[in-house]
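Undergrad: First, the structure itself, so that you have it in front of you.
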Amino acid sequence: MDSATSTIHHLPESILTEILARLPLRSNSRLKTVSKTVKATLESVYFRRIFVSLHKNSSSSWSLGSREGDELIGFHGCKTWDVPKSLGSFISLPLGFEFKASSNGLVLIERYGCGYSYVGNPVLQQWVKIPQLPCGYCGVLLVLAHDFFSDSDQFMVVHLPEHSNHNNNGVVNGALTTSGGFVMYMKSLVQKRGTVLKVWRLNHDQSWQLLCEINGLSISGSFVPIAMHPFDSDIVYRWHQESPRHLVSCNLRTETLIDPAREYHGDFYMNQSGFEEYMDEIGRLRASDRDYTILIGLFQSVLPRWMESVPRPPQVDMIDTTSLPSYVACCLIEQDE
């Protein structure tokens with residue numbers, strides 16, 4: 001390592017940047033500990049620009065999972081991060097914990113009554129422990145978003161589009177997801193005259209913009225919206241409710257249906273039985289109140305195209321561990337004592 005470090009110190013910065021930019025992000029994360037020179041290079045704006053340019057055509061891994069931590073759908077084989085396995089293989093929930101949210105490669109997990117939550121990057125195996133949010137919303141379901149880097153103490157309430165429009169003549173299936181860096185909301189309304197699919201985007205001014213409205217059975221039919229492609233807002237993933245039950249990807253622009261298993265070949269994973277069980281539960285909830293808007297809450301975990309450090313609030317230590325469940329178990333034992 002000493003000879004390698006010496007060689008690195010004698011390399012011109014431009015050559016060092018070109019070499020490191022061709023390595024996957026997971027390797028570069030480990031190389032930060034080699035020397036201050038390498039760390040400074042990897043964290044520079046110039047390196048980021050070169051890396052993103054070289055890997056702009058590379059695919060990124062992402063998955064959809066349940067609150068209990070079961071990976072239901074996975075797209076893997078990401079060369080940018082050197083992640084040949086699905087993201088679900090990197091995430092092992094501690095006993096009693098549930099997924100609460102995910103964004104930009106980070107996941108939030110917590111256990112009811114535990115008093116704290118964990119935020120981290122499962123691939124880099126970096127975590128921070130933060131206080132648990134209080135539950136004081138009296139049975140009203142909500143989604144809370146927080147900006148770690150903002151100095152503002154202001155907050156804003158944003159209702160879902162058409163949230164007050166309770167149509168008694170049809171059944172609504174909704175899905176809140178993300179695509180292209182925006183929060184997206186899809187709603188499928190089943191009516192006697194056919195099914196209508198609507199897709200909205202939450203803009204930076206907190207207004208909802210209707211991107212498309214599709215009528216007819218060619219793309220709507222008995223399909224339930226599940227999620228959108230994280231980088232292509234033209235692609236929607238939907239679940240076919242009738243036999244044979246299966247997942248399809250829909251191109252909103254061309255209104256065509258594609259089988260993801262054929263499109264992604266060996267880089268696509270699906271837990272068919274797990275997904276059917278999840279959708280059966282959604283169906284039971286809908287059957288109990290046919291006029292209720294069901295928000296299908298699968299958690300979308302996406303590896304970002306750049307390596308961001310896990311945000312660390314003041315007076316919070318970074319947890320580097322290869323086994324978060326073991327670490328949490330030790331903390332719980334100490335807490336009980």
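By convention here, the chains of the structure tokens are called A, B, ... in the order presented, each chain's residues are numbered starting at 1, and ligands are numbered starting at 1 in the order presented.
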Pick out the residues sitting within 12 Å of Ser243 of chain A, and hand them over as a tab-separated table (two decimals) with N, CA and C atoms, in the first residue's frame; count only C-alpha atoms, and ignore anything fewer than 5 positions along from it in its own chain.
TA:
chain	number	residue	atom	x	y	z
A	222	SER	N	-57.52	-3.41	-16.65
A	222	SER	CA	-57.50	-3.92	-15.28
A	222	SER	C	-56.13	-3.77	-14.65
A	223	PHE	N	-55.33	-2.82	-15.13
A	223	PHE	CA	-54.00	-2.59	-14.59
A	223	PHE	C	-54.03	-1.57	-13.46
A	276	GLU	N	-48.04	-10.94	-5.32
A	276	GLU	CA	-49.45	-11.31	-5.34
A	276	GLU	C	-50.06	-11.16	-3.94
Undergrad: Neighbours of segment 121-133 of chain A within 7 Å (only C-alpha atoms; same-chain residues fewer than 6 positions away dropped), as a list in words?
TA: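 Using only C-alpha atoms, the neighbours found are Arg26, Phe90, Ile91, Gly105, Leu106, Val107, Gly115, Val310, Arg312, Val316, Asp317, Met318, Ile319, Asp320, Thr321 and Thr322 of chain A.
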Undergrad: One number please: atom CA of Ser309 of chain A to atom CA of Ile226 of chain A, in Å, one decimal.
TA: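 Interatomic distance, atom CA of Ser309 of chain A to atom CA of Ile226 of chain A: 29.3 Å.
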Undergrad: Go through A:His246, A:Arg22, A:Lys79, A:Arg67 one by one, measure the shortest atom-to-atom distance of each to Ser301 of chain A using only C-alpha atoms, and give the residue with the smallest value.
TA: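 Using only C-alpha atoms, Ser301 of chain A sits closest to A:Arg67.
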Undergrad: Could you list, as a PDB file with N, CA and C atoms, in the first residue's frame, every residue within 8 Å of Thr177 of chain A, counting only C-alpha atoms and ignoring same-chain residues fewer than 6 positions away?
TA:
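File produced: around_26.pdb:
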ATOM      1  N   VAL A 183     -41.387  14.262  -7.292  1.00  0.00           N
ATOM      2  CA  VAL A 183     -42.434  13.421  -6.715  1.00  0.00           C
ATOM      3  C   VAL A 183     -43.549  13.302  -7.746  1.00  0.00           C
ATOM      4  N   MET A 184     -43.988  12.081  -7.989  1.00  0.00           N
ATOM      5  CA  MET A 184     -45.025  11.824  -8.986  1.00  0.00           C
ATOM      6  C   MET A 184     -46.217  11.139  -8.316  1.00  0.00           C
ATOM      7  N   TYR A 185     -47.404  11.433  -8.824  1.00  0.00           N
ATOM      8  CA  TYR A 185     -48.609  10.772  -8.322  1.00  0.00           C
ATOM      9  C   TYR A 185     -49.406  10.236  -9.500  1.00  0.00           C
ATOM     10  N   ALA A 227     -45.581   2.034  -9.857  1.00  0.00           N
ATOM     11  CA  ALA A 227     -44.446   2.957  -9.716  1.00  0.00           C
ATOM     12  C   ALA A 227     -44.067   3.474 -11.090  1.00  0.00           C
ATOM     13  N   MET A 228     -43.161   4.460 -11.100  1.00  0.00           N
ATOM     14  CA  MET A 228     -42.606   4.974 -12.346  1.00  0.00           C
ATOM     15  C   MET A 228     -41.117   4.676 -12.381  1.00  0.00           C
ATOM     16  N   GLN A 300     -39.568   2.647  -3.044  1.00  0.00           N
ATOM     17  CA  GLN A 300     -38.673   2.643  -4.193  1.00  0.00           C
ATOM     18  C   GLN A 300     -37.261   2.992  -3.728  1.00  0.00           C
TER      19      GLN A 300
END
Undergrad: Considering only C-alpha atoms, can you say which of A:Asp70, A:Glu277, A:Glu98, A:Asp82 comes closest to Leu25 of chain A?
TA: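 Once distances to Leu25 of chain A are computed over only C-alpha atoms, the minimum belongs to A:Asp82.
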Undergrad: How many Å lie between atom CA of Val157 of chain A and atom CA of Pro311 of chain A, rounded to one decimal?
TA: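 Taking atom CA of Val157 of chain A and atom CA of Pro311 of chain A, their separation equals 23.9 Å.
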Undergrad: Just want the 8 Å neighbourhood of Leu42 of chain A, counted on only C-alpha atoms, with same-chain residues fewer than 2 positions away dropped. Output as a list in words.
TA: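 Close residues of Leu42 of chain A: Thr17, Leu20, Asn28, Lys32, Val38, Lys39, Ala40, Ser44, Phe47 and Arg48 of chain A.
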